[in-house]
file upload_0.txt (compact mmCIF, C-alpha atoms)
# COMPACT_ATOMS: atom_id res chain seq x y z
CA MET D 271 64.27 89.95 -6.41
CA SER D 272 66.48 86.91 -5.99
CA LEU D 273 70.19 86.92 -6.72
CA THR D 274 71.19 85.46 -10.09
CA ILE D 275 74.33 85.19 -12.19
CA THR D 276 74.10 87.40 -15.26
CA ALA D 277 77.49 86.68 -16.85
CA ALA D 278 80.32 84.19 -16.50
CA LYS D 279 83.70 84.03 -18.16
CA TYR D 280 86.76 81.85 -17.87
CA VAL D 281 89.65 83.83 -16.35
CA ALA D 282 92.29 81.37 -15.11
CA PRO D 283 92.89 77.66 -14.76
CA LEU D 284 89.68 76.28 -13.23
CA SER D 285 88.42 79.74 -12.26
CA VAL D 286 85.49 81.81 -13.47
CA GLU D 287 84.58 85.46 -13.13
CA LEU D 288 80.92 85.80 -12.26
CA THR D 289 78.76 88.90 -12.53
CA PHE D 290 75.72 88.93 -10.29
CA SER D 291 72.36 90.64 -10.66
CA ASP D 292 73.30 92.98 -7.77
CA GLY D 293 76.26 94.26 -9.83
CA ALA D 294 78.94 92.42 -7.86
CA ILE D 295 81.76 90.66 -9.70
CA GLN D 296 83.55 87.72 -8.09
CA VAL D 297 86.31 85.39 -9.27
CA VAL D 298 85.79 81.86 -7.98
CA ASP D 299 88.38 79.07 -8.06
CA VAL D 300 86.21 76.04 -8.77
CA GLY D 301 89.31 73.86 -9.10
CA SER D 302 90.00 74.08 -5.37
CA PHE D 303 86.59 72.57 -4.65
CA ILE D 304 87.12 69.73 -7.14
CA ARG D 305 90.55 68.89 -5.73
CA LYS D 306 89.27 68.91 -2.12
CA ASN D 307 86.17 66.84 -3.00
CA PRO D 308 87.29 64.14 -5.42
CA HIS D 309 84.37 62.41 -7.09
CA PRO D 310 84.14 60.80 -10.55
CA GLN D 311 81.36 63.22 -11.48
CA TYR D 312 83.54 66.24 -10.63
CA ASN D 313 87.05 65.01 -11.48
CA SER D 314 86.47 65.20 -15.23
CA TYR D 315 86.16 69.00 -14.88
CA LEU D 316 89.83 69.22 -13.90
CA ASN D 317 90.32 68.98 -17.67
CA GLU D 318 90.49 72.64 -18.76
CA LYS D 319 88.84 71.96 -22.12
CA LYS D 320 85.83 70.38 -20.43
CA PHE D 321 85.81 72.95 -17.61
CA LYS D 322 85.53 75.83 -20.08
CA LYS D 323 82.22 74.43 -21.39
CA PHE D 324 80.23 75.85 -18.46
CA LYS D 325 77.04 77.72 -19.27
CA LEU D 326 74.45 79.95 -17.67
CA GLU D 327 71.06 78.39 -17.13
CA MET D 328 68.23 79.87 -15.09
CA GLY D 329 70.58 82.35 -13.39
CA ASN D 330 73.14 79.69 -12.38
CA VAL D 331 76.54 78.73 -13.75
CA VAL D 332 76.51 75.00 -14.46
CA TRP D 333 78.74 72.31 -15.90
CA GLY D 334 77.50 69.28 -17.79
CA LYS D 335 74.37 68.40 -19.70
CA ASN D 336 72.54 67.44 -16.52
CA TRP D 337 74.08 70.07 -14.23
CA ASP D 338 76.82 67.69 -13.04
CA LEU D 339 78.44 70.55 -11.16
CA ILE D 340 76.57 73.52 -9.68
CA PHE D 341 77.04 75.65 -6.56
CA PRO D 342 74.70 77.74 -4.40
CA ILE D 343 74.67 81.29 -5.74
CA THR D 344 75.18 82.83 -2.30
CA THR D 345 78.42 80.91 -1.74
CA LEU D 346 79.67 81.91 -5.20
CA ARG D 347 78.77 85.52 -4.41
CA ASN D 348 81.00 85.24 -1.34
CA GLY D 349 83.88 84.03 -3.51
CA TYR D 350 84.08 80.34 -2.75
CA CYS D 351 82.55 76.96 -3.54
CA GLU D 352 81.19 74.46 -1.04
call {"tool": "encode", "arguments": {"input": "upload_0.txt", "output": "structure tokens"}}
result
Amino acid sequence: MSLTITAAKYVAPLSVELTFSDGAIQVVDVGSFIRKNPHPQYNSYLNEKKFKKFKLEMGNVVWGKNWDLIFPITTLRNGYCE
């Protein structure tokens, strides 16, 4: 069985708490990735209101209608974004 994200909730400025199918829970600071990797597609998610509109799709946490921002599940499981 492959690892998926089963729940996600906003917990702090630009951070999400993720629950994984293996039972692990990890808080990930997505904001640090956005600040270190400036790009017009990502920068808009520094806006908290827009950031909070993430959703779960197909076992991933994603931002944007067309998955503008998504991270490999294994890196999220380890507590960071690449």
call {"tool": "atom_distance", "arguments": {"input": "upload_0.txt", "atom1": "CA of Lys322 in chain D", "atom2": "CA of Tyr350 in chain D"}}
result
18.0 Å
call {"tool": "closest_residue", "arguments": {"input": "upload_0.txt", "among": "D:Val286, D:Arg347, D:Met328, D:Leu339", "to": "Pro310 in chain D", "atoms": "all atoms listed in the file"}}
result
D:Leu339
call {"tool": "residues_near_point", "arguments": {"input": "upload_0.txt", "point": "(87.8, 76.6, -8.2)", "cutoff": "12 Å", "atoms": "only C-alpha atoms", "output": "PyMOL selection string"}}
result
chain D and resi 280-287+296-307+312+315-316+318+321+339-341+346+349-352
call {"tool": "write_last_selection", "arguments": {"input": "upload_0.txt", "atoms": "C-alpha atoms", "output": "JSON list (two decimals), in the frame of the given file"}}
result
[["chain", "number", "residue", "atom", "x", "y", "z"],
["D", 280, "TYR", "CA", 86.76, 81.85, -17.87],
["D", 281, "VAL", "CA", 89.65, 83.83, -16.35],
["D", 282, "ALA", "CA", 92.29, 81.37, -15.11],
["D", 283, "PRO", "CA", 92.89, 77.66, -14.76],
["D", 284, "LEU", "CA", 89.68, 76.28, -13.23],
["D", 285, "SER", "CA", 88.42, 79.74, -12.26],
["D", 286, "VAL", "CA", 85.49, 81.81, -13.47],
["D", 287, "GLU", "CA", 84.58, 85.46, -13.13],
["D", 296, "GLN", "CA", 83.55, 87.72, -8.09],
["D", 297, "VAL", "CA", 86.31, 85.39, -9.27],
["D", 298, "VAL", "CA", 85.79, 81.86, -7.98],
["D", 299, "ASP", "CA", 88.38, 79.07, -8.06],
["D", 300, "VAL", "CA", 86.21, 76.04, -8.77],
["D", 301, "GLY", "CA", 89.31, 73.86, -9.10],
["D", 302, "SER", "CA", 90.00, 74.08, -5.37],
["D", 303, "PHE", "CA", 86.59, 72.57, -4.65],
["D", 304, "ILE", "CA", 87.12, 69.73, -7.14],
["D", 305, "ARG", "CA", 90.55, 68.89, -5.73],
["D", 306, "LYS", "CA", 89.27, 68.91, -2.12],
["D", 307, "ASN", "CA", 86.17, 66.84, -3.00],
["D", 312, "TYR", "CA", 83.54, 66.24, -10.63],
["D", 315, "TYR", "CA", 86.16, 69.00, -14.88],
["D", 316, "LEU", "CA", 89.83, 69.22, -13.90],
["D", 318, "GLU", "CA", 90.49, 72.64, -18.76],
["D", 321, "PHE", "CA", 85.81, 72.95, -17.61],
["D", 339, "LEU", "CA", 78.44, 70.55, -11.16],
["D", 340, "ILE", "CA", 76.57, 73.52, -9.68],
["D", 341, "PHE", "CA", 77.04, 75.65, -6.56],
["D", 346, "LEU", "CA", 79.67, 81.91, -5.20],
["D", 349, "GLY", "CA", 83.88, 84.03, -3.51],
["D", 350, "TYR", "CA", 84.08, 80.34, -2.75],
["D", 351, "CYS", "CA", 82.55, 76.96, -3.54],
["D", 352, "GLU", "CA", 81.19, 74.46, -1.04]]
call {"tool": "residues_near_point", "arguments": {"input": "upload_0.txt", "point": "(64.2, 89.1, -5.3)", "cutoff": "12 Å", "atoms": "all atoms listed in the file", "output": "mmCIF file with C-alpha atoms, keeping the file's coordinate frame"}}
result
data_model
loop_
_atom_site.group_PDB
_atom_site.id
_atom_site.type_symbol
_atom_site.label_atom_id
_atom_site.label_comp_id
_atom_site.auth_asym_id
_atom_site.auth_seq_id
_atom_site.Cartn_x
_atom_site.Cartn_y
_atom_site.Cartn_z
ATOM 1 C CA MET D 271 64.270 89.950 -6.410
ATOM 2 C CA SER D 272 66.480 86.910 -5.990
ATOM 3 C CA LEU D 273 70.190 86.920 -6.720
ATOM 4 C CA THR D 274 71.190 85.460 -10.090
ATOM 5 C CA SER D 291 72.360 90.640 -10.660
ATOM 6 C CA ASP D 292 73.300 92.980 -7.770
#
call {"tool": "atom_distance", "arguments": {"input": "upload_0.txt", "atom1": "CA of Ile343 in chain D", "atom2": "CA of Asn317 in chain D"}}
result
23.2 Å
call {"tool": "closest_residue", "arguments": {"input": "upload_0.txt", "among": "D:Asn313, D:Lys320, D:Ile275, D:Leu288", "to": "Lys335 in chain D", "atoms": "all atoms listed in the file"}}
result
D:Lys320
call {"tool": "atom_distance", "arguments": {"input": "upload_0.txt", "atom1": "CA of Asp338 in chain D", "atom2": "CA of Lys319 in chain D"}}
result
15.7 Å
call {"tool": "build_atoms", "arguments": {"input": "upload_0.txt", "residues": "range 314-326 of chain D", "atoms": "N, CA and C atoms", "output": "CSV table (one decimal), keeping the file's coordinate frame"}}
result
chain,number,residue,atom,x,y,z
D,314,SER,N,86.3,65.0,-13.8
D,314,SER,CA,86.5,65.2,-15.2
D,314,SER,C,86.6,66.7,-15.5
D,315,TYR,N,86.1,67.6,-14.6
D,315,TYR,CA,86.2,69.0,-14.9
D,315,TYR,C,87.5,69.6,-14.5
D,316,LEU,N,88.4,68.8,-14.1
D,316,LEU,CA,89.8,69.2,-13.9
D,316,LEU,C,90.5,69.4,-15.3
D,317,ASN,N,89.9,68.8,-16.3
D,317,ASN,CA,90.3,69.0,-17.7
D,317,ASN,C,89.9,70.4,-18.1
D,318,GLU,N,90.8,71.2,-18.4
D,318,GLU,CA,90.5,72.6,-18.8
D,318,GLU,C,89.5,72.7,-19.9
D,319,LYS,N,89.7,71.9,-20.9
D,319,LYS,CA,88.8,72.0,-22.1
D,319,LYS,C,87.4,71.7,-21.7
D,320,LYS,N,87.2,70.7,-20.9
D,320,LYS,CA,85.8,70.4,-20.4
D,320,LYS,C,85.3,71.4,-19.5
D,321,PHE,N,86.2,71.9,-18.6
D,321,PHE,CA,85.8,73.0,-17.6
D,321,PHE,C,85.3,74.2,-18.3
D,322,LYS,N,85.9,74.6,-19.4
D,322,LYS,CA,85.5,75.8,-20.1
D,322,LYS,C,84.1,75.7,-20.7
D,323,LYS,N,83.5,74.6,-20.7
D,323,LYS,CA,82.2,74.4,-21.4
D,323,LYS,C,81.1,74.7,-20.4
D,324,PHE,N,81.3,75.5,-19.4
D,324,PHE,CA,80.2,75.8,-18.5
D,324,PHE,C,79.2,76.7,-19.2
D,325,LYS,N,78.1,76.9,-18.7
D,325,LYS,CA,77.0,77.7,-19.3
D,325,LYS,C,76.1,78.3,-18.2
D,326,LEU,N,75.4,79.3,-18.6
D,326,LEU,CA,74.4,80.0,-17.7
D,326,LEU,C,73.1,79.4,-18.0
